[in-house]
Structures are given as C-alpha cells and as structure tokens.
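S.K.: Below is one structure. I have some questions about it.
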Protein chains: 2
Amino acid sequence: MRLVGIGEIRSVVTPELVFGAVREALIAHAEGRTQVPNPMVLDFPGASGDCHVKAGYVDGSAHFTVKIASTFASVNNGLMLVVDATTGEPAAVLADEGRLTAWRTAAAGALITDAMAPADVDEVLILGTGDQARLQAIWLSQLRPQVTFRIWGRRPQATDRLVAKLSAKGLTVRPATDIDTGARCVISTTPATSPLPRELFLDAEHLTGVGTDMPGKGELPVELFAGATVVTDHRGQCLDHGDYGNAVRAGVIAAGLDLSVGEVLRDGFTRTTSRSIADLTGLGVQDAATASAVLTAFGR
Amino acid sequence: MRLVGIGEIRSVVTPELVFGAVREALIAHAEGRTQVPNPMVLDFPGASGDCHVKAGYVDGSAHFTVKIASTFASVNNGLMLVVDATTGEPAAVLADEGRLTAWRTAAAGALITDAMAPADVDEVLILGTGDQARLQAIWLSQLRPQVTFRIWGRRPQATDRLVAKLSAKGLTVRPATDIDTGARCVISTTPATSPLPRELFLDAEHLTGVGTDMPGKGELPVELFAGATVVTDHRGQCLDHGDYGNAVRAGVIAAGLDLSVGEVLRDGFTRTTSRSIADLTGLGVQDAATASAVLTAFGR
C-alpha cells in the first residue's frame with residue numbers, strides 16, 4: 001500500500017483531472033451507476049470537532065474510496081483510502097489534508113454554475129470568505145474566464161483579505177456590502193445556520209449553494225425556492241440536510257421536484273423559470289472518482 | 001501519520017492488551033459511553049466482494065477508529081485508520097490484514113463465554129473450522145486453561161487439520177461428529193446461512209455465536225432461543241442481522257429482552273434459565289479500543 005502526501009498529489013492534480021472526474025461521477029450518480037452508502041458521523045463536542053466518513057464507488061471503475069474528513073476547532077483534516085475494487089486490497093492512502101474534497105467541491109460548484117447561469121452573466125457574487133469561497137471563484141474562472149467577482153462576508157477584514165488574494169491570482173474582484181444588490185448569479189459557501197440577508201439574492205437568476213452540508217445548517221432564505229428550478233447532487237442528502245430540505249420543511253416547495261446535477265451536466269440546461277438553484281451536499285462518488293483519477297495519474 | 005504493518009502490530013499485541021481493550025469497550029457501550037455509527041456496506045458482486053466500514057469511539061479515549069474490512073473471493077483484507085480524538089489528525093494506519101478484527105472477535109467471544117458458561121464445564125464444542133474457530137479455542141483457553149475442546153465441521157479434513165493445529169498449540173482437542181452430543185458449552189463460528197444440525201445443541205447450557213454478522217446469515221436453530229437468557233453486544237445490530245434477530249422474526253422470542261454483554265462482563269452472570277445465548281455481531285468500538293491500545297503500546 002502506498003502512502004501519498006499532499007505534495008505528490010499536487011504534482012499530478014490539474015483542473016482538467018478534477019473537472020473530468022467530478023463530471024463523470026455526477027453523471028454516473030444521476031444514471032444510477034454508483035454506490036453511495038449513508039455517511040457516518042462522529043461528534044466530539046468537547047473538542048469542537050466532528051468527523052464525517054463517506055464512501056463511494058462508480059460502477060466499473062478500478063477503485064472505491066473511503067474518505068475521512070474531520071473538522072476540529074475550525075481546522076480541516078482527513079485523508080482518502082483508495083481500495084482496489086477487484087481484489088479489496090488497500091491501494092493507497094491519500095493524505096490530502098482535505099484538499100481533494102475542497103477541489104472536488106469547487107469543481108462541482110463551478111461545473112453546475114457554468115451549466116446553469118445565464119451565458120451573459122458578467123459578474124458573480126460569492127458569499128463567504130473562507131477556503132471554499134476562494135476556490136469557487138478560482139475554479140469558475142477556469143470555465144468562465146471573462147467573469148468578474150464580488151465577495152460578501154460578515155467580517156470586512158476577511159472580505160478584504162480574500163479580495164486581495166484573488167486579485168493576486170489575476171481575477172477581477174471587489175468587495176460587496178449587505179445592500180449591494182444586483183447580482184444575477186450567486187455562489188453561497190458559508191457554514192451559516194440561519195439564512196443570509198435576503199437583499200443579497202434579490203436579483204439572482206441562478207444560485208449555487210455548497211455550504212449546507214449537514215443537519216442544522218442553512219444559508220439560503222427558504223422563500224427563494226418558491227417557483228424556482230431546483231437541481232440537487234443527491235436528492236436524499238439534499239432533502240435530509242441541504243437547503244432544499246430546509247425549504248421543503250418550511251412548506252415553500254415540494255420534495256421530488258428537483259432535477260439531478262448529473263442530468264444537467266449531461267444534457268445541458270434550458271431555463272424555464274426566473275430562478276434556478278443548485279443545492280450541493282457533496283457525494284462520496286466525487287471523492288472516489290477524483291481519488292481514482294489521482295492514482296491513475298501516478299501510473300502514467 | 002504512521003503506517004504500521006502487521007509485524008510491528010504483532011510485536012506489541014498481547015492477549016492482556018486485547019482482552020482489556022475489548023472488555024472496556026463492551027462495558028462502555030453498555031453504559032452508553034460510546035459512538036457507533038451505522039456501518040457502511042459496498043457490494044461488488046462481479047468480483048464476489050464486499051466491503052464493510054465501521055467506526056467507533058469510546059468517550060474520553062485518545063483516538064477514534066475507522067475500519068475498512070473487505071472480503072473478495074473469500075480473501076479478507078483491510079486496515080484500521082486511527083485518528084486523534086482531540087485534533088482530528090490521522091495518527092496511524094494499522095495495516096493489520098484483518099488480524100485485529102479477528103483478535104477482538106475472539107477476545108469478545110472468550111470473555112463472554114468465560115463469564116456465562118457454568119464454572120464446572122470441562123469441554124467446549126467449537127462449531128466451524130476456520131480462523132475464528134481456531135482463535136475462539138486459543139483465546140478461551142487463556143481464560144479457562146483447564147477446558148478441553150471438541151471441533152465440529154462439515155468437512156472432516158478441515159476438522160482434522162484444526163484439531164492438529166490446536167493440539168500443536170498444547171490444547172487438548174478431539175474431532176466431533178453430528179451425533180456427538182453432550183456439549184454443555186458451544187461456540188459457533190460459521191458463516192452458515194441455514195441453521196446447523198440441532199443435535200449439536202441438545203445439551204447446551206451456554207452458547208456463544210460469533211458467525212452471524214450480516215443479513216442473510218444464521219447459524220443457530222431459532223428454537224434454541226425459546227425461554228433462553230439472551231445477551232447481545234449491540235441490541236440494534238443483533239436484531240437487524242444477528243441470530244437473535246432471526247429468532248425474533250421467527251416469533252420464538254420477543255425483541256428487547258436481551259441483556260448487554262457489557263453489563264454481564266461488568267456485573268457477572270447469575271444463571272436463572274436452563275440455557276443462555278450470547279449473540280455477538282461485532283462493534284466498531286471494539287476496533288477503536290483495540291487500535292488505540294496498540295498505538296498506546298507503541299508509545300511506551
């Protein structure tokens with residue numbers, strides 16, 4: 001068994017590799033060609049920590065993956081165990097420090113935002129100032145190089161820091177305020193447990209939410225879902241603990257009306273409503289496909 | 001992160017270490033001081049394979065553990081990932097080739113058999129001829145050095161091989177036949193999917209079953225449960241896929257009458273019925289406690 005560190009992983013990972021793996025995994029999931037057992041969760045309230053264990057397999061692929069992702073006192077950690085799907089032998093431990101998860105989440109968000117946001121959107125509003133806010137901007141700019149960004153966060157210093165970081169990467173970015181409306185496309189990346197200010201969404205034609213990934217979280221005001229086209233990466237997970245589930249429980253929209261992200265990526269998207277929302281909770285098969293692609297890249 | 005091979009693991013593992021860890025874990029579980037998420041299962045019918053992922057944590061201990069155990073074409077494989085429970089950092093991968101699971105299963109069987117079988121039992125009948133049959137005899141003889149063993153298996157050659165192996169270890173052992181009754185204590189270790197011959201159990205005052213660990217399996221004739229005292233390592237798991245669950249579904253005994261293995265290990269056992277049955281399905285906290293004890297032993 002091979003123990004692979006983050007340096008070695010970075011040496012083979014390209015946007016193309018992650019975009020390709022994530023796209024394939026989401027389409028396979030939409031077509032019922034995956035196994036995604038219910039994740040396991042352990043809680044460590046005394047250490048402000050939790051650990052999520054996700055597993056996934058895309059039918060016919062060379063490997064399956066079990067991922068351990070922990071967050072203790074706001075510090076992410078974890079690894080992916082890649083197992084040979086024909087022999088059951090552990091093939092590699094990818095000690096990725098949580099980066100593969102961050103990248104596959106960013107890739108899924110960028111793919112579905114690119115597929116669903118109107119083609120003439122020239123500025124995207126990113127909500128949140130953390131790692132995922134940064135990555136959503138960077139990865140989307142790979143697919144939509146002309147788009148500029150606004151960043152909104154609760155703490156002005158954090159907002160300014162992220163604006164500076166992204167500007168240094170060559171992106172065109174400015175800070176936003178609570179009353180700074182007008183964004184036609186919004187990507188929400190916060191761990192909020194109560195909805196973000198409504199004003200941020202007043203003009204949104206497309207929203208992608210990646211922050212609501214466990215029970216108790218919720219970033220999107222539920223009324224946004226009224227009459228909207230909803231796409232989900234995993235219907236069961238999104239109903240259980242995504243923003244879509246929050247809206248269903250609030251009675252704003254019915255369960256089961258959602259399209260799957262994979263169908264939209266495969267078939268394209270034709271807008272029939274004034275607002276679309278992509279609710280992403282993250283799938284073990286995204287990890288599996290990405291990890292398998294990394295291992296395959298080592299073999300080349 | 002440390003990658004630990006089976007040789008290094010063997011160099012620190014003693015019966016005392018495993019008995020101590022497993023006993024502590026089972027008592028902690030009985031007292032509600034553990035986290036045991038529902039296991040995840042992946043199936044690979046094309047490769048005659050499956051993979052079970054179990055996680056566990058004993059409140060207050062230094063580590064939690066995520067275990068991957070696969071069986072492909074009857075070959076077991078797997079490893080345990082040990083994570084620091086205060087920081088979420090991966091501490092070690094124990095590439096134990098499934099041995100820690102085998103040992104903790106043997107230790108649990110031996111502990112509960114020793115606690116429940118009448119003190120004057122002088123011979124134990126082991127059903128099955130595989131790795132776990134061998135280990136149940138060896139580990140029980142650590143706790144009851146005076147006991148002799150009979151081995152029953154469907155294939156006489158396999159039975160003879162195990163008798164020879166155990167004799168070479170210094171145990172007093174003889175082969176049994178289907179009509180060889182009279183055993184007051186029986187330990188059942190088979191992966192049977194239909195009940196073993198009734199004659200084997202006619203005189204059994206205590207039975208320990210460790211083979212029925214997933215849906216579709218069942219080694220004990222359900223009528224044995226009528227009027228018996230039942231103890232389980234995990235009530236939910238045993239009702240879902242243990243021999244106890246098979247008996248409940250057959251209407252032989254009610255759900256919820258079982259004592260917990262941990263209570264019996266903590267408080268001792270006073271016999272009030274003519275037959276007692278210990279149904280063991282295996283707990284992630286046994287893995288966690290054993291793996292944590294191994295890591296702690298490296299630090300000494």
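Each chain of the structure tokens is named A, B, ... in the order shown, its residues numbered from 1; ligands are numbered from 1 in display order.
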How close does each residue of chain A get to chain B, giving the shortest atom pair and distance in Å to one decimal for every residue with an atom at most 6 Å away, counting only C-alpha atoms, sorted by chain and residue number, as CSV?
M.R.:
```
residue,atom,partner,partner_atom,distance
A:Pro37,CA,B:Met40,CA,5.7
A:Met40,CA,B:Pro37,CA,5.7
A:Ala47,CA,B:Thr86,CA,5.6
A:Ser70,CA,B:Gly88,CA,5.5
A:Phe72,CA,B:Thr87,CA,5.7
A:Thr86,CA,B:Ala47,CA,5.6
A:Thr87,CA,B:Phe72,CA,5.7
A:Gly88,CA,B:Ser70,CA,5.5
```
S.K.: Based on DSSP run over this structure's backbone, return all residues of region 154-267 of chain A in alpha helix (DSSP H), as a VMD selection string.
M.R.: chain A and resid 156 to 168 235 to 241 243 to 249 261 to 267
S.K.: Run DSSP on the backbone and tell me which residues of region 155-228 of chain B come out as strand (DSSP E); list them as a list in words.
M.R.: Val173, Arg174, Pro175, Cys185, Val186, Ile187, Ser188, His206, Leu207, Thr208 and Gly209 of chain B
S.K.: Got a sec: who's within 9 Å of Gly282 (chain A), counting only C-alpha atoms, leaving out chain neighbours fewer than 5 positions off, as a short mmCIF file (atom, residue, chain, number, x, y, z; two decimals) with C-alpha atoms, in the first residue's frame?
M.R.:
```
data_model
loop_
_atom_site.label_atom_id
_atom_site.label_comp_id
_atom_site.auth_asym_id
_atom_site.auth_seq_id
_atom_site.Cartn_x
_atom_site.Cartn_y
_atom_site.Cartn_z
CA THR A 101 -12.54 17.35 -1.01
CA ARG A 104 -13.97 18.36 -5.94
CA THR A 105 -16.47 20.63 -4.14
CA ALA A 108 -18.84 20.57 -8.80
CA VAL A 210 -22.26 24.45 -1.34
CA ASP A 213 -23.71 20.03 4.19
CA ASP A 233 -26.39 16.39 -6.42
CA HIS A 234 -28.12 13.75 -4.24
CA GLN A 237 -28.99 14.08 1.13
CA ASP A 287 -14.21 11.62 -3.84
#
```
S.K.: Using only C-alpha atoms, determine which residues lie at most 8 Å from Val264 (chain B), disregarding the query and same-chain residues fewer than 4 positions distant; provide the list as a PDB file with N, CA and C atoms, in the first residue's frame.
M.R.:
```pdb
ATOM      1  N   ILE B 112     -17.086 -13.415  27.065  1.00  0.00           N
ATOM      2  CA  ILE B 112     -18.477 -13.648  27.437  1.00  0.00           C
ATOM      3  C   ILE B 112     -18.719 -15.136  27.706  1.00  0.00           C
ATOM      4  N   ALA B 115     -17.552 -15.689  31.132  1.00  0.00           N
ATOM      5  CA  ALA B 115     -18.434 -15.072  32.128  1.00  0.00           C
ATOM      6  C   ALA B 115     -19.736 -15.847  32.305  1.00  0.00           C
ATOM      7  N   LEU B 259     -30.052  -8.882  27.637  1.00  0.00           N
ATOM      8  CA  LEU B 259     -29.084  -8.132  28.444  1.00  0.00           C
ATOM      9  C   LEU B 259     -27.936  -7.743  27.537  1.00  0.00           C
ATOM     10  N   SER B 260     -27.112  -6.802  27.980  1.00  0.00           N
ATOM     11  CA  SER B 260     -25.959  -6.463  27.156  1.00  0.00           C
ATOM     12  C   SER B 260     -24.725  -7.204  27.648  1.00  0.00           C
ATOM     13  N   GLY B 268     -21.082  -9.557  36.272  1.00  0.00           N
ATOM     14  CA  GLY B 268     -21.129 -11.002  36.439  1.00  0.00           C
ATOM     15  C   GLY B 268     -22.489 -11.543  36.036  1.00  0.00           C
ATOM     16  N   PHE B 269     -22.613 -12.869  36.021  1.00  0.00           N
ATOM     17  CA  PHE B 269     -23.820 -13.513  35.497  1.00  0.00           C
ATOM     18  C   PHE B 269     -24.307 -14.563  36.494  1.00  0.00           C
TER      19      PHE B 269
END
```
S.K.: So that I can see what lies close to Asp240 (chain A), please list as a CSV table (one decimal) with N, CA and C atoms, in the first residue's frame the residues with an atom at most 10 Å from it, counting only C-alpha atoms and leaving out residues fewer than 4 positions away in the same chain.
M.R.:
```csv
chain,number,residue,atom,x,y,z
A,213,ASP,N,-24.1,21.4,4.4
A,213,ASP,CA,-23.7,20.0,4.2
A,213,ASP,C,-24.0,19.1,5.4
A,214,MET,N,-24.7,19.7,6.4
A,214,MET,CA,-25.1,18.8,7.5
A,214,MET,C,-26.3,19.4,8.2
A,215,PRO,N,-27.0,18.5,8.9
A,215,PRO,CA,-28.2,19.0,9.6
A,215,PRO,C,-27.9,20.2,10.5
A,234,HIS,N,-27.6,15.0,-4.8
A,234,HIS,CA,-28.1,13.7,-4.2
A,234,HIS,C,-29.4,14.1,-3.6
A,235,ARG,N,-30.5,13.7,-4.2
A,235,ARG,CA,-31.9,14.1,-3.7
A,235,ARG,C,-32.0,13.8,-2.2
A,236,GLY,N,-31.7,12.5,-1.8
A,236,GLY,CA,-31.9,12.1,-0.4
A,236,GLY,C,-31.1,13.0,0.6
A,244,TYR,N,-32.4,22.7,0.1
A,244,TYR,CA,-33.6,22.2,-0.4
A,244,TYR,C,-34.5,21.6,0.7
A,245,GLY,N,-33.9,20.8,1.5
A,245,GLY,CA,-34.7,20.2,2.6
A,245,GLY,C,-35.2,21.2,3.5
A,246,ASN,N,-34.5,22.3,3.8
A,246,ASN,CA,-35.0,23.3,4.7
A,246,ASN,C,-36.2,24.0,4.0
A,248,VAL,N,-38.3,22.6,1.8
A,248,VAL,CA,-39.4,21.6,1.8
A,248,VAL,C,-40.0,21.6,3.2
A,249,ARG,N,-39.2,21.5,4.2
A,249,ARG,CA,-39.8,21.5,5.6
A,249,ARG,C,-40.6,22.8,5.9
A,281,THR,N,-24.6,19.0,-1.7
A,281,THR,CA,-24.2,18.5,-0.4
A,281,THR,C,-23.0,17.6,-0.4
```
S.K.: For Ile27 (chain A), please output as a short mmCIF file (atom, residue, chain, number, x, y, z; two decimals) with N, CA and C atoms, in the first residue's frame all residues within 10 Å (counting only C-alpha atoms; exclusion window: fewer than 3 positions along the same chain).
M.R.:
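Writing the result to part.cif gives the following:
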```
data_model
loop_
_atom_site.label_atom_id
_atom_site.label_comp_id
_atom_site.auth_asym_id
_atom_site.auth_seq_id
_atom_site.Cartn_x
_atom_site.Cartn_y
_atom_site.Cartn_z
N VAL A 22 -15.11 14.61 -11.54
CA VAL A 22 -16.33 15.02 -10.85
C VAL A 22 -17.53 14.99 -11.80
N ARG A 23 -17.31 15.45 -13.02
CA ARG A 23 -18.38 15.42 -14.01
C ARG A 23 -18.85 13.98 -14.26
N GLU A 24 -17.90 13.09 -14.46
CA GLU A 24 -18.22 11.68 -14.70
C GLU A 24 -18.97 11.08 -13.50
N ALA A 30 -26.38 10.24 -11.37
CA ALA A 30 -27.72 10.54 -11.91
C ALA A 30 -28.28 9.35 -12.67
N GLU A 31 -27.40 8.55 -13.24
CA GLU A 31 -27.84 7.38 -14.03
C GLU A 31 -27.92 6.11 -13.20
N GLY A 32 -27.73 6.22 -11.88
CA GLY A 32 -27.87 5.04 -11.02
C GLY A 32 -26.71 4.08 -11.12
N ARG A 33 -25.55 4.56 -11.59
CA ARG A 33 -24.39 3.69 -11.75
C ARG A 33 -23.36 3.90 -10.64
N THR A 34 -23.83 4.15 -9.42
CA THR A 34 -22.91 4.40 -8.31
C THR A 34 -23.41 3.71 -7.05
N ASP A 233 -27.39 17.42 -6.09
CA ASP A 233 -26.39 16.39 -6.42
C ASP A 233 -26.83 15.02 -5.90
N SER A 260 -31.49 16.32 -11.33
CA SER A 260 -30.18 15.98 -10.78
C SER A 260 -29.09 16.78 -11.50
N VAL A 261 -28.07 17.13 -10.72
CA VAL A 261 -26.92 17.84 -11.28
C VAL A 261 -26.35 17.08 -12.46
N GLY A 262 -26.25 15.77 -12.32
CA GLY A 262 -25.67 14.95 -13.38
C GLY A 262 -26.45 15.03 -14.69
N GLU A 263 -27.78 15.04 -14.60
CA GLU A 263 -28.60 15.18 -15.81
C GLU A 263 -28.32 16.50 -16.50
N VAL A 264 -28.22 17.58 -15.70
CA VAL A 264 -27.98 18.90 -16.28
C VAL A 264 -26.60 18.95 -16.93
N LEU A 265 -25.60 18.35 -16.27
CA LEU A 265 -24.26 18.34 -16.86
C LEU A 265 -24.23 17.53 -18.15
N ARG A 266 -25.00 16.45 -18.18
CA ARG A 266 -25.02 15.60 -19.36
C ARG A 266 -25.82 16.21 -20.50
N ASP A 267 -27.01 16.77 -20.18
CA ASP A 267 -27.96 17.17 -21.22
C ASP A 267 -27.99 18.67 -21.47
#
```
S.K.: Given the choices A:Val294, A:Val147, A:Arg134, A:Pro191, which gets closest to Lys169 (chain A) if the distance is worked out from only C-alpha atoms?
M.R.: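 Selected residue with least distance to Lys169 (chain A): A:Arg134.
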S.K.: Identify, on the basis of only C-alpha atoms, every residue whose closest approach to Gln142 (chain B) does not exceed 10 Å; exclude the query and any residue fewer than 6 positions from it along the same chain; express the result as a list of chain:residue names.
M.R.: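 The filter keeps B:Pro15, B:Glu16, B:Ala107, B:Ala110, B:Leu111, B:Asp114.
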S.K.: Would you mind exporting the chosen residues as a compact mmCIF listing (two decimals), in the first residue's frame, restricted to N, CA and C atoms?
M.R.:
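Contents of selection_4.txt, freshly written:
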```
# COMPACT_ATOMS: atom_id res chain seq x y z
N PRO B 15 -2.50 -10.99 24.60
CA PRO B 15 -3.89 -11.27 25.00
C PRO B 15 -4.39 -10.25 26.02
N GLU B 16 -3.54 -9.88 26.97
CA GLU B 16 -3.97 -8.93 28.01
C GLU B 16 -4.40 -7.61 27.37
N ALA B 107 -11.52 -12.34 21.38
CA ALA B 107 -11.47 -11.89 22.77
C ALA B 107 -12.88 -11.69 23.32
N ALA B 110 -14.43 -15.10 23.93
CA ALA B 110 -13.84 -15.76 25.09
C ALA B 110 -14.29 -15.10 26.39
N LEU B 111 -14.33 -13.78 26.42
CA LEU B 111 -14.73 -13.07 27.64
C LEU B 111 -16.16 -13.43 28.04
N ASP B 114 -16.51 -17.17 29.02
CA ASP B 114 -15.96 -17.37 30.37
C ASP B 114 -16.90 -16.83 31.43
```
S.K.: Please determine, counting only C-alpha atoms, which residue among A:Ala176, A:Ala168, A:Val4, A:Ala291 has the shortest atom-to-atom distance to Arg150 (chain A).
M.R.: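 Under the stated criterion, the closest residue is A:Ala176.
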S.K.: If I take CA of Ala254 (chain A) and CA of Thr273 (chain A), how far is one from the other in Å, to one decimal?
M.R.: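 The value is 15.9 Å.
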